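Source file: data.tsv; contents: TSV, C-alpha atoms and all ligand atoms.
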```
chain	number	residue	atom	x	y	z
A	1055	MET	CA	0.00	0.00	0.00
A	1056	PRO	CA	1.52	3.39	-0.95
A	1057	THR	CA	2.21	5.75	1.93
A	1058	ASP	CA	-0.16	8.46	0.70
A	1059	THR	CA	-3.09	6.20	1.48
A	1060	PHE	CA	-2.38	6.15	5.22
A	1061	SER	CA	-4.94	8.87	5.78
A	1062	LEU	CA	-7.57	6.55	4.25
A	1063	ALA	CA	-6.51	3.71	6.54
A	1064	PHE	CA	-5.85	5.65	9.74
A	1065	GLY	CA	-7.65	9.00	9.49
A	1066	GLY	CA	-9.97	9.29	12.48
A	1067	GLN	CA	-8.65	6.05	14.00
A	1068	SER	CA	-7.47	5.78	17.61
A	1069	VAL	CA	-3.97	4.31	17.57
A	1070	LEU	CA	-1.95	3.56	20.70
A	1071	VAL	CA	1.82	3.36	20.11
A	1072	THR	CA	4.15	2.18	22.87
A	1073	GLY	CA	7.76	3.34	22.74
A	1074	ALA	CA	6.85	6.56	20.92
A	1075	SER	CA	9.69	8.70	22.27
A	1076	SER	CA	12.36	7.37	19.91
A	1077	GLY	CA	13.19	5.40	16.78
A	1078	ILE	CA	10.49	3.35	15.09
A	1079	GLY	CA	7.74	4.37	17.56
A	1080	ARG	CA	8.44	8.05	17.03
A	1081	ALA	CA	8.37	7.57	13.24
A	1082	LEU	CA	5.07	5.67	13.57
A	1083	ALA	CA	3.54	8.48	15.62
A	1084	LEU	CA	4.62	11.13	13.10
A	1085	ARG	CA	3.15	9.16	10.17
A	1086	LEU	CA	-0.07	8.50	12.08
A	1087	GLY	CA	-0.42	12.12	13.16
A	1088	ARG	CA	-0.03	13.26	9.57
A	1089	ALA	CA	-2.63	10.69	8.50
A	1090	GLY	CA	-5.17	12.23	10.88
A	1091	ALA	CA	-5.17	9.52	13.54
A	1092	TYR	CA	-5.70	10.19	17.25
A	1093	VAL	CA	-2.37	8.94	18.60
A	1094	GLY	CA	-1.61	7.63	22.10
A	1095	LEU	CA	2.05	8.26	22.87
A	1096	VAL	CA	3.52	5.89	25.47
A	1097	ALA	CA	7.08	6.00	26.87
A	1098	ARG	CA	9.00	6.94	30.03
A	1099	ARG	CA	10.65	10.16	28.77
A	1100	GLU	CA	7.93	12.77	29.14
A	1101	GLN	CA	9.85	15.68	27.61
A	1102	ARG	CA	10.43	13.74	24.42
A	1103	LEU	CA	6.73	12.88	24.19
A	1104	ARG	CA	5.78	16.53	24.72
A	1105	ALA	CA	8.18	17.61	21.96
A	1106	LEU	CA	6.72	14.92	19.70
A	1107	ALA	CA	3.15	16.06	20.40
A	1108	ASP	CA	4.22	19.61	19.50
A	1109	GLU	CA	5.81	18.33	16.31
A	1110	LEU	CA	2.56	16.60	15.36
A	1111	GLY	CA	1.07	20.10	15.14
A	1112	PRO	CA	-1.84	21.93	16.76
A	1113	GLN	CA	-4.48	20.21	14.62
A	1114	ALA	CA	-3.28	16.70	15.55
A	1115	ARG	CA	-4.96	14.94	18.45
A	1116	SER	CA	-2.80	12.98	20.84
A	1117	THR	CA	-2.62	11.80	24.45
A	1118	ILE	CA	0.71	11.59	26.27
A	1119	LEU	CA	0.96	8.56	28.54
A	1120	VAL	CA	4.15	8.55	30.61
A	1121	GLY	CA	5.21	5.34	32.29
A	1122	ASP	CA	6.95	2.00	32.18
A	1123	VAL	CA	5.25	-0.64	30.01
A	1124	SER	CA	6.46	-3.38	32.35
A	1125	ASP	CA	4.18	-1.99	35.09
A	1126	GLU	CA	0.78	-3.65	34.67
A	1127	GLN	CA	-1.06	-0.97	36.62
A	1128	PHE	CA	0.37	1.69	34.31
A	1129	ALA	CA	-0.67	-0.34	31.25
A	1130	ARG	CA	-4.24	-0.66	32.55
A	1131	GLN	CA	-4.51	3.04	33.38
A	1132	ALA	CA	-2.85	4.14	30.12
A	1133	VAL	CA	-5.18	2.05	27.96
A	1134	GLY	CA	-8.21	3.17	29.98
A	1135	ARG	CA	-7.33	6.85	29.73
A	1136	PHE	CA	-6.55	6.63	26.03
A	1137	ALA	CA	-9.76	4.76	25.26
A	1138	ALA	CA	-11.77	7.38	27.18
A	1139	GLU	CA	-10.11	10.36	25.49
A	1140	ALA	CA	-9.89	8.89	21.98
A	1141	ARG	CA	-13.29	7.15	22.24
A	1142	GLY	CA	-11.99	3.62	21.87
A	1143	VAL	CA	-8.92	1.87	20.56
A	1144	ASP	CA	-8.75	0.87	16.90
A	1145	VAL	CA	-5.09	-0.14	16.81
A	1146	LEU	CA	-2.50	-1.05	19.42
A	1147	ILE	CA	1.14	-1.17	18.29
A	1148	ASN	CA	3.31	-2.93	20.89
A	1149	ASN	CA	6.60	-1.34	19.89
A	1150	ALA	CA	8.42	-0.42	23.15
A	1151	GLY	CA	11.53	-2.50	23.60
A	1152	ILE	CA	15.07	-2.69	24.89
A	1153	SER	CA	18.03	-4.82	23.93
A	1154	MET	CA	21.12	-6.20	25.65
A	1155	ASN	CA	24.67	-7.17	24.86
A	1156	GLY	CA	26.59	-9.70	26.89
A	1157	ALA	CA	27.96	-13.22	27.06
A	1158	PHE	CA	25.33	-15.48	28.62
A	1159	GLU	CA	27.53	-16.71	31.48
A	1160	SER	CA	28.65	-13.26	32.63
A	1161	THR	CA	25.42	-11.30	32.20
A	1162	ASP	CA	23.53	-10.43	35.36
A	1163	ILE	CA	20.33	-12.47	35.72
A	1164	GLY	CA	18.42	-9.21	36.19
A	1165	VAL	CA	19.14	-8.33	32.54
A	1166	PHE	CA	17.30	-11.47	31.37
A	1167	ARG	CA	14.35	-10.57	33.61
A	1168	ARG	CA	14.30	-6.99	32.35
A	1169	MET	CA	14.18	-8.18	28.72
A	1170	MET	CA	11.13	-10.31	29.55
A	1171	ASP	CA	9.51	-7.58	31.64
A	1172	VAL	CA	9.73	-4.89	28.98
A	1173	ASN	CA	9.63	-6.76	25.67
A	1174	TYR	CA	7.27	-9.61	26.56
A	1175	PHE	CA	5.20	-8.55	29.59
A	1176	GLY	CA	5.00	-4.94	28.36
A	1177	SER	CA	3.35	-6.19	25.14
A	1178	LEU	CA	1.20	-8.68	27.05
A	1179	PHE	CA	-0.15	-6.09	29.53
A	1180	PHE	CA	-1.12	-3.56	26.86
A	1181	THR	CA	-2.69	-6.28	24.71
A	1182	ARG	CA	-4.67	-7.68	27.63
A	1183	HIS	CA	-6.11	-4.31	28.63
A	1184	ALA	CA	-6.72	-3.14	25.07
A	1185	PHE	CA	-8.52	-6.33	24.01
A	1186	PRO	CA	-12.07	-5.33	25.09
A	1187	HIS	CA	-11.71	-2.07	23.14
A	1188	LEU	CA	-10.20	-3.82	20.10
A	1189	ARG	CA	-13.03	-6.36	20.10
A	1190	GLU	CA	-15.52	-3.52	20.08
A	1191	SER	CA	-13.77	-1.73	17.22
A	1192	GLY	CA	-12.80	-4.87	15.26
A	1193	GLY	CA	-9.32	-3.39	15.29
A	1194	SER	CA	-5.72	-4.58	15.19
A	1195	VAL	CA	-3.01	-5.45	17.64
A	1196	MET	CA	0.49	-5.39	16.17
A	1197	PHE	CA	3.55	-6.82	17.86
A	1198	ILE	CA	6.96	-5.44	16.94
A	1199	SER	CA	9.38	-8.28	17.32
A	1200	SER	CA	12.73	-8.76	15.61
A	1201	ILE	CA	14.68	-11.08	13.34
A	1202	VAL	CA	16.22	-12.01	16.69
A	1203	GLY	CA	12.76	-13.28	17.66
A	1204	LYS	CA	12.97	-15.85	14.87
A	1205	ARG	CA	16.64	-16.78	15.06
A	1206	GLY	CA	18.93	-16.52	18.12
A	1207	PHE	CA	22.19	-14.55	17.99
A	1208	PRO	CA	25.23	-14.73	20.27
A	1209	THR	CA	25.40	-12.14	23.09
A	1210	ARG	CA	21.71	-11.33	22.57
A	1211	SER	CA	20.33	-14.40	24.35
A	1212	GLY	CA	18.04	-12.50	26.74
A	1213	TYR	CA	16.73	-10.24	23.99
A	1214	ALA	CA	16.18	-13.21	21.65
A	1215	ALA	CA	14.30	-15.18	24.32
A	1216	SER	CA	11.99	-12.24	25.05
A	1217	LYS	CA	11.22	-11.75	21.35
A	1218	PHE	CA	10.62	-15.50	20.85
A	1219	ALA	CA	8.12	-15.19	23.70
A	1220	VAL	CA	6.41	-12.36	21.82
A	1221	HIS	CA	6.14	-14.63	18.76
A	1222	GLY	CA	4.52	-17.36	20.88
A	1223	LEU	CA	2.01	-14.88	22.27
A	1224	PHE	CA	1.25	-13.54	18.80
A	1225	GLU	CA	0.68	-16.99	17.25
A	1226	SER	CA	-1.53	-18.13	20.12
A	1227	LEU	CA	-3.69	-15.00	20.14
A	1228	ARG	CA	-4.04	-15.03	16.38
A	1229	VAL	CA	-5.82	-18.37	16.60
A	1230	GLU	CA	-7.55	-17.76	19.93
A	1231	TRP	CA	-9.08	-14.50	18.69
A	1232	ALA	CA	-9.77	-15.69	15.12
A	1233	ASP	CA	-13.53	-15.26	15.59
A	1234	SER	CA	-13.34	-12.08	17.65
A	1235	GLY	CA	-12.93	-9.70	14.72
A	1236	VAL	CA	-9.55	-8.56	16.10
A	1237	HIS	CA	-6.64	-8.70	13.68
A	1238	VAL	CA	-3.39	-9.94	15.28
A	1239	GLY	CA	-0.18	-9.24	13.36
A	1240	ILE	CA	3.56	-9.16	13.87
A	1241	VAL	CA	6.44	-7.33	12.21
A	1242	ALA	CA	10.02	-8.50	12.65
A	1243	PRO	CA	12.37	-5.63	11.82
A	1244	GLY	CA	15.95	-6.25	10.81
A	1245	TYR	CA	18.78	-3.85	11.53
A	1246	THR	CA	17.15	-0.40	11.84
A	1247	ASP	CA	18.86	2.93	12.50
A	1248	THR	CA	17.57	3.93	15.98
A	1249	GLU	CA	18.87	4.48	19.51
A	1250	ILE	CA	18.32	0.86	20.58
A	1251	ARG	CA	22.02	-0.03	20.55
A	1252	ASP	CA	23.01	3.07	22.53
A	1253	VAL	CA	20.66	2.25	25.39
A	1254	ALA	CA	21.10	-1.55	25.34
A	1255	LEU	CA	21.84	-3.08	28.72
A	1256	GLY	CA	25.38	-4.36	29.27
A	1257	PRO	CA	26.28	-7.48	31.31
A	1258	ASP	CA	26.04	-5.46	34.55
A	1259	GLY	CA	22.54	-4.25	33.67
A	1260	LEU	CA	23.61	-0.68	32.98
A	1261	PRO	CA	22.54	1.03	29.76
A	1262	GLY	CA	24.66	3.16	27.51
A	1263	GLN	CA	27.33	0.65	26.62
A	1264	ASN	CA	27.05	0.78	22.86
A	1265	GLN	CA	26.04	-2.62	21.61
A	1266	GLY	CA	28.15	-2.40	18.49
A	1267	HIS	CA	26.80	-3.04	15.07
A	1268	THR	CA	25.65	-6.02	13.14
A	1269	SER	CA	26.74	-6.26	9.55
A	1270	GLY	CA	24.32	-5.92	6.63
A	1271	GLY	CA	22.00	-3.22	5.35
A	1272	VAL	CA	20.36	-0.71	7.64
A	1273	MET	CA	16.75	0.42	7.34
A	1274	SER	CA	15.63	3.89	8.44
A	1275	ALA	CA	13.13	4.18	11.29
A	1276	ASP	CA	10.70	5.85	8.90
A	1277	ASP	CA	10.92	3.02	6.36
A	1278	ALA	CA	10.27	0.54	9.17
A	1279	ALA	CA	7.27	2.62	10.29
A	1280	VAL	CA	5.85	2.66	6.75
A	1281	ALA	CA	6.19	-1.13	6.52
A	1282	ILE	CA	4.48	-1.55	9.92
A	1283	LEU	CA	1.60	0.72	8.93
A	1284	ASP	CA	1.25	-1.13	5.60
A	1285	ALA	CA	1.08	-4.42	7.48
A	1286	THR	CA	-1.50	-3.01	9.91
A	1287	ALA	CA	-3.70	-1.48	7.22
A	1288	GLY	CA	-3.51	-4.70	5.18
A	1289	ARG	CA	-4.26	-6.80	8.30
A	1290	ARG	CA	-1.22	-8.92	7.46
A	1291	ARG	CA	-0.20	-11.90	9.52
A	1292	GLU	CA	3.58	-11.50	9.65
A	1293	VAL	CA	6.10	-9.29	7.88
A	1294	VAL	CA	9.89	-9.68	8.05
A	1295	LEU	CA	11.87	-6.53	7.23
A	1296	THR	CA	15.18	-5.96	5.42
A	1297	LEU	CA	16.75	-8.21	2.81
A	1298	GLY	CA	19.30	-9.46	5.35
A	1299	GLY	CA	16.48	-10.31	7.75
A	1300	LYS	CA	14.49	-12.24	5.14
A	1301	VAL	CA	17.60	-14.16	4.04
A	1302	MET	CA	18.41	-15.05	7.65
A	1303	VAL	CA	14.90	-16.30	8.40
A	1304	TRP	CA	14.80	-18.51	5.28
A	1305	MET	CA	18.35	-19.76	5.82
A	1306	ASN	CA	17.41	-20.71	9.37
A	1307	LYS	CA	14.51	-22.83	8.05
A	1308	LEU	CA	16.37	-24.46	5.18
A	1309	ALA	CA	19.96	-24.71	6.44
A	1310	PRO	CA	20.07	-24.13	10.21
A	1311	ALA	CA	23.73	-25.16	10.57
A	1312	LEU	CA	24.71	-22.52	8.01
A	1313	ALA	CA	22.50	-20.01	9.83
A	1314	ASP	CA	24.41	-20.82	13.05
A	1315	ARG	CA	27.67	-19.89	11.35
A	1316	VAL	CA	26.27	-16.70	9.85
A	1317	ALA	CA	24.73	-15.67	13.21
A	1318	GLY	CA	28.16	-16.05	14.77
A	1319	LYS	CA	29.69	-13.78	12.17
A	1320	VAL	CA	27.16	-10.96	11.84
A	1321	VAL	CA	27.27	-9.94	15.51
A	1322	ARG	CA	30.66	-8.55	16.34
B	1401	LIG	N1	16.47	-0.90	15.77
B	1401	LIG	C1	16.59	-2.15	15.39
B	1401	LIG	O1	17.58	-2.55	14.73
B	1401	LIG	C2	15.50	-3.14	15.72
B	1401	LIG	C3	15.56	-4.40	15.12
B	1401	LIG	C4	14.57	-5.32	15.41
B	1401	LIG	C5	13.53	-5.00	16.26
B	1401	LIG	N2	13.49	-3.76	16.83
B	1401	LIG	C6	12.38	-3.50	17.76
B	1401	LIG	O2	11.75	-2.29	17.41
B	1401	LIG	C7	11.13	-1.72	18.56
B	1401	LIG	C8	11.47	-0.24	18.66
B	1401	LIG	O3	12.86	-0.11	18.91
B	1401	LIG	P1	13.77	1.05	18.30
B	1401	LIG	O4	14.78	0.40	17.46
B	1401	LIG	O5	12.94	2.13	17.75
B	1401	LIG	O6	14.54	1.50	19.64
B	1401	LIG	P2	14.67	2.89	20.41
B	1401	LIG	O7	15.00	4.01	19.48
B	1401	LIG	O8	15.60	2.62	21.54
B	1401	LIG	O9	13.19	3.11	20.96
B	1401	LIG	C9	12.67	2.28	21.96
B	1401	LIG	C10	11.39	2.91	22.52
B	1401	LIG	O10	10.88	2.04	23.54
B	1401	LIG	C11	10.65	2.82	24.72
B	1401	LIG	N3	10.82	2.02	25.92
B	1401	LIG	C12	11.90	1.24	26.25
B	1401	LIG	N4	11.71	0.70	27.46
B	1401	LIG	C13	10.49	1.13	27.89
B	1401	LIG	C14	9.73	0.91	29.07
B	1401	LIG	N5	10.20	0.12	30.06
B	1401	LIG	N6	8.54	1.51	29.19
B	1401	LIG	C15	8.06	2.32	28.21
B	1401	LIG	N7	8.72	2.55	27.07
B	1401	LIG	C16	9.93	1.96	26.91
B	1401	LIG	C17	11.65	3.96	24.64
B	1401	LIG	O11	11.16	5.09	25.36
B	1401	LIG	P3	11.67	5.59	26.81
B	1401	LIG	O12	13.11	5.24	26.93
B	1401	LIG	O13	11.38	7.05	26.78
B	1401	LIG	O14	10.80	4.86	27.79
B	1401	LIG	C18	11.64	4.26	23.15
B	1401	LIG	O15	10.57	5.12	22.85
B	1401	LIG	C19	11.63	-2.55	19.75
B	1401	LIG	O16	10.63	-3.47	20.16
B	1401	LIG	C20	12.82	-3.29	19.19
B	1401	LIG	O17	13.07	-4.50	19.87
B	1401	LIG	C21	14.43	-2.83	16.57
```

Could you render the structure from this file as structure tokens?
Amino acid sequence: MPTDTFSLAFGGQSVLVTGASSGIGRALALRLGRAGAYVGLVARREQRLRALADELGPQARSTILVGDVSDEQFARQAVGRFAAEARGVDVLINNAGISMNGAFESTDIGVFRRMMDVNYFGSLFFTRHAFPHLRESGGSVMFISSIVGKRGFPTRSGYAASKFAVHGLFESLRVEWADSGVHVGIVAPGYTDTEIRDVALGPDGLPGQNQGHTSGGVMSADDAAVAILDATAGRRREVVLTLGGKVMVWMNKLAPALADRVAGKVVR
């Protein structure tokens, strides 16, 4: 679907985006605001969300929801407030996420828990509380996973496990809610140019230890956002982004031993 049709798909829709203060979530919010959607902006950094709401312009309608997605009470209140102000929820995009970088044996156990809390439980909480609204609207829930949610990579074990968990949740709900009228979709981005590597948790659990780069092509956050909105509007099941990502997923199915070797090489 070409990008100029987003106003047809999302104009007047109530769209809740987690992780809107940076990267892909920010790009999603900007596209949705321009398309005339009522956008719910979720993240911890309030100033960034305020600046984003200003950037959306005075005619755009948005609600700023500041908090930690791994806090279930926050998720419940955020969804409730958004649904009240935006008169329902048509789309939920579970995008908030963090990554990590560390050898399995020397990484603090708390890092593995934090990956699950933010990437898996954060998505689960928002989905759970948005479901009654999505059932009413016949809307969509989108999960933003990763290539690393389909194929493990060295030094990303906690991140990979949390994204595999997201895939399990997605597949189960897709079938469980098949007759509910709610579309359940997932997008697995490849290497995208955002802040995720700068804030990734190191082995000691502290952020800001640059994760380094994987080899292969890099997608812009805006291109990723366009692909996610295309997948949402088209009520697609699953979309894998970047050529490198698609190759890796297919290689993992057809030649897993080769995929092991490649996975060892691309993360350095
Ligand atoms: N960039 C890539 O190469 C890549 C590849 C595959 C998948 N992805 C996935 O794409 C999604 C977006 O990531 P990105 O690349 O755009 O990274 P990013 O630039 O670091 O943005 C991450 C967003 O998530 C929010 N967030 C993180 N922890 C949160 C928490 N506990 N509570 C609420 N919000 C939280 C951040 O906001 P605050 O810090 O303000 O809370 C920020 O808005 C993630 O799910 C990521 O796993 C990214």

Mind checking which residues fall within 12 Å of Met1302 in chain A, counting only C-alpha atoms, ignoring those fewer than 6 positions away in the same chain, and posting them as a PyMOL selection string?
chain A and resi 1200-1207+1242-1245+1270+1294-1296+1308-1317+1320

From the list A:Arg1251, A:Arg1290, A:Arg1210, A:Arg1085, the nearest residue to Phe1064 in chain A using all atoms listed in the file is A:Arg1085

Please identify every residue of chain A that has at least one atom no farther than 6 Å from an atom of ligand LIG 1401 (chain B), counting all atoms listed in the file, and for each give the shortest atom pair and the distance in Å to one decimal, arranged by chain then increasing number, as JSON lines.
```
{"residue": "A:Gly1073", "atom": "CA", "partner": "B:LIG1401", "partner_atom": "O15", "distance": 3.3}
{"residue": "A:Ala1074", "atom": "CA", "partner": "B:LIG1401", "partner_atom": "O15", "distance": 4.4}
{"residue": "A:Ser1075", "atom": "CA", "partner": "B:LIG1401", "partner_atom": "O15", "distance": 3.7}
{"residue": "A:Ser1076", "atom": "CA", "partner": "B:LIG1401", "partner_atom": "O15", "distance": 4.1}
{"residue": "A:Gly1077", "atom": "CA", "partner": "B:LIG1401", "partner_atom": "O5", "distance": 3.4}
{"residue": "A:Ile1078", "atom": "CA", "partner": "B:LIG1401", "partner_atom": "O5", "distance": 3.8}
{"residue": "A:Gly1079", "atom": "CA", "partner": "B:LIG1401", "partner_atom": "O5", "distance": 5.7}
{"residue": "A:Ala1097", "atom": "CA", "partner": "B:LIG1401", "partner_atom": "N7", "distance": 3.8}
{"residue": "A:Arg1098", "atom": "CA", "partner": "B:LIG1401", "partner_atom": "O14", "distance": 3.5}
{"residue": "A:Arg1099", "atom": "CA", "partner": "B:LIG1401", "partner_atom": "O13", "distance": 3.8}
{"residue": "A:Gly1121", "atom": "CA", "partner": "B:LIG1401", "partner_atom": "C15", "distance": 5.8}
{"residue": "A:Asp1122", "atom": "CA", "partner": "B:LIG1401", "partner_atom": "N6", "distance": 3.4}
{"residue": "A:Val1123", "atom": "CA", "partner": "B:LIG1401", "partner_atom": "N6", "distance": 4.0}
{"residue": "A:Ser1124", "atom": "CA", "partner": "B:LIG1401", "partner_atom": "N5", "distance": 5.6}
{"residue": "A:Asn1149", "atom": "CA", "partner": "B:LIG1401", "partner_atom": "O16", "distance": 4.6}
{"residue": "A:Ala1150", "atom": "CA", "partner": "B:LIG1401", "partner_atom": "O10", "distance": 3.5}
{"residue": "A:Gly1151", "atom": "CA", "partner": "B:LIG1401", "partner_atom": "O16", "distance": 3.7}
{"residue": "A:Ile1152", "atom": "CA", "partner": "B:LIG1401", "partner_atom": "C12", "distance": 5.2}
{"residue": "A:Val1172", "atom": "CA", "partner": "B:LIG1401", "partner_atom": "N5", "distance": 5.1}
{"residue": "A:Ile1198", "atom": "CA", "partner": "B:LIG1401", "partner_atom": "O16", "distance": 5.3}
{"residue": "A:Ser1199", "atom": "CA", "partner": "B:LIG1401", "partner_atom": "C5", "distance": 5.4}
{"residue": "A:Ser1200", "atom": "CA", "partner": "B:LIG1401", "partner_atom": "C5", "distance": 3.9}
{"residue": "A:Pro1243", "atom": "CA", "partner": "B:LIG1401", "partner_atom": "C4", "distance": 4.2}
{"residue": "A:Gly1244", "atom": "CA", "partner": "B:LIG1401", "partner_atom": "C3", "distance": 4.7}
{"residue": "A:Tyr1245", "atom": "CA", "partner": "B:LIG1401", "partner_atom": "O1", "distance": 3.7}
{"residue": "A:Thr1246", "atom": "CA", "partner": "B:LIG1401", "partner_atom": "O1", "distance": 3.6}
{"residue": "A:Asp1247", "atom": "CA", "partner": "B:LIG1401", "partner_atom": "N1", "distance": 5.6}
{"residue": "A:Thr1248", "atom": "CA", "partner": "B:LIG1401", "partner_atom": "O7", "distance": 4.3}
{"residue": "A:Glu1249", "atom": "CA", "partner": "B:LIG1401", "partner_atom": "O7", "distance": 3.9}
{"residue": "A:Ile1250", "atom": "CA", "partner": "B:LIG1401", "partner_atom": "O8", "distance": 3.4}
```

Put those residues in a file: C-alpha atoms, as a compact mmCIF listing (two decimals), in the frame of the given file.
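Writing the result to part-v6.txt gives the following:
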```txt
# COMPACT_ATOMS: atom_id res chain seq x y z
CA GLY A 1073 7.76 3.34 22.74
CA ALA A 1074 6.85 6.56 20.92
CA SER A 1075 9.69 8.70 22.27
CA SER A 1076 12.36 7.37 19.91
CA GLY A 1077 13.19 5.40 16.78
CA ILE A 1078 10.49 3.35 15.09
CA GLY A 1079 7.74 4.37 17.56
CA ALA A 1097 7.08 6.00 26.87
CA ARG A 1098 9.00 6.94 30.03
CA ARG A 1099 10.65 10.16 28.77
CA GLY A 1121 5.21 5.34 32.29
CA ASP A 1122 6.95 2.00 32.18
CA VAL A 1123 5.25 -0.64 30.01
CA SER A 1124 6.46 -3.38 32.35
CA ASN A 1149 6.60 -1.34 19.89
CA ALA A 1150 8.42 -0.42 23.15
CA GLY A 1151 11.53 -2.50 23.60
CA ILE A 1152 15.07 -2.69 24.89
CA VAL A 1172 9.73 -4.89 28.98
CA ILE A 1198 6.96 -5.44 16.94
CA SER A 1199 9.38 -8.28 17.32
CA SER A 1200 12.73 -8.76 15.61
CA PRO A 1243 12.37 -5.63 11.82
CA GLY A 1244 15.95 -6.25 10.81
CA TYR A 1245 18.78 -3.85 11.53
CA THR A 1246 17.15 -0.40 11.84
CA ASP A 1247 18.86 2.93 12.50
CA THR A 1248 17.57 3.93 15.98
CA GLU A 1249 18.87 4.48 19.51
CA ILE A 1250 18.32 0.86 20.58
```

Kindly give the distance, in Å, that separates CA of Gly1134 in chain A and CA of His1183 in chain A, rounded to a single decimal.
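That distance, rounded to one decimal, is 7.9 Å.
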
From the options A:Ala1114, A:Gln1067, A:Met1154, A:Ala1083, which residue's atoms come nearest to Val1253 in chain A, counting all atoms listed in the file?
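Nearest candidate to Val1253 in chain A out of A:Ala1114, A:Gln1067, A:Met1154, A:Ala1083: A:Met1154.
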
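Interatomic distance, CA of Gln1131 in chain A to CA of Val1096 in chain A: 11.6 Å.
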
Range 1194-1207 of chain A: axis-aligned bounding box, 5 Å on each side, centre and edge lengths in Å, one decimal, as AutoDock Vina command-line options:
```
--center_x 8.2 --center_y -10.7 --center_z 15.7 --size_x 37.9 --size_y 22.2 --size_z 14.8
```

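A straight line drawn from CA of Asp1276 in chain A to CA of Arg1080 in chain A is 8.7 Å long.
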
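Of the residues listed (A:Leu1062, A:Arg1115, A:Val1165, A:Arg1291), A:Arg1291 shows the shortest atom-to-atom separation from Leu1227 in chain A; distances use only C-alpha atoms.
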
List the residues sitting within 9 Å of (26.0, -13.5, 29.4) in the file's frame, using all atoms listed in the file, as JSON, numbers by chain.
{"A": [1155, 1156, 1157, 1158, 1159, 1160, 1161, 1162, 1163, 1209, 1210, 1211, 1212, 1257]}

Dump of C-alpha atoms for the selected residues, as a PDB file, in the frame of the given file:
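Output (selection_3.pdb):
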```
ATOM      1  CA  ASN A1155      24.670  -7.170  24.860  1.00  0.00           C
ATOM      2  CA  GLY A1156      26.590  -9.700  26.890  1.00  0.00           C
ATOM      3  CA  ALA A1157      27.960 -13.220  27.060  1.00  0.00           C
ATOM      4  CA  PHE A1158      25.330 -15.480  28.620  1.00  0.00           C
ATOM      5  CA  GLU A1159      27.530 -16.710  31.480  1.00  0.00           C
ATOM      6  CA  SER A1160      28.650 -13.260  32.630  1.00  0.00           C
ATOM      7  CA  THR A1161      25.420 -11.300  32.200  1.00  0.00           C
ATOM      8  CA  ASP A1162      23.530 -10.430  35.360  1.00  0.00           C
ATOM      9  CA  ILE A1163      20.330 -12.470  35.720  1.00  0.00           C
ATOM     10  CA  THR A1209      25.400 -12.140  23.090  1.00  0.00           C
ATOM     11  CA  ARG A1210      21.710 -11.330  22.570  1.00  0.00           C
ATOM     12  CA  SER A1211      20.330 -14.400  24.350  1.00  0.00           C
ATOM     13  CA  GLY A1212      18.040 -12.500  26.740  1.00  0.00           C
ATOM     14  CA  PRO A1257      26.280  -7.480  31.310  1.00  0.00           C
TER      15      PRO A1257
END
```

Export of range 1102-1125 of chain A: C-alpha atoms, as a tab-separated table (two decimals), in the first residue's frame:
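Produced file decode-v7.tsv, reproduced below:
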```tsv
chain	number	residue	atom	x	y	z
A	1102	ARG	CA	10.43	13.74	24.42
A	1103	LEU	CA	6.73	12.88	24.19
A	1104	ARG	CA	5.78	16.53	24.72
A	1105	ALA	CA	8.18	17.61	21.96
A	1106	LEU	CA	6.72	14.92	19.70
A	1107	ALA	CA	3.15	16.06	20.40
A	1108	ASP	CA	4.22	19.61	19.50
A	1109	GLU	CA	5.81	18.33	16.31
A	1110	LEU	CA	2.56	16.60	15.36
A	1111	GLY	CA	1.07	20.10	15.14
A	1112	PRO	CA	-1.84	21.93	16.76
A	1113	GLN	CA	-4.48	20.21	14.62
A	1114	ALA	CA	-3.28	16.70	15.55
A	1115	ARG	CA	-4.96	14.94	18.45
A	1116	SER	CA	-2.80	12.98	20.84
A	1117	THR	CA	-2.62	11.80	24.45
A	1118	ILE	CA	0.71	11.59	26.27
A	1119	LEU	CA	0.96	8.56	28.54
A	1120	VAL	CA	4.15	8.55	30.61
A	1121	GLY	CA	5.21	5.34	32.29
A	1122	ASP	CA	6.95	2.00	32.18
A	1123	VAL	CA	5.25	-0.64	30.01
A	1124	SER	CA	6.46	-3.38	32.35
A	1125	ASP	CA	4.18	-1.99	35.09
```
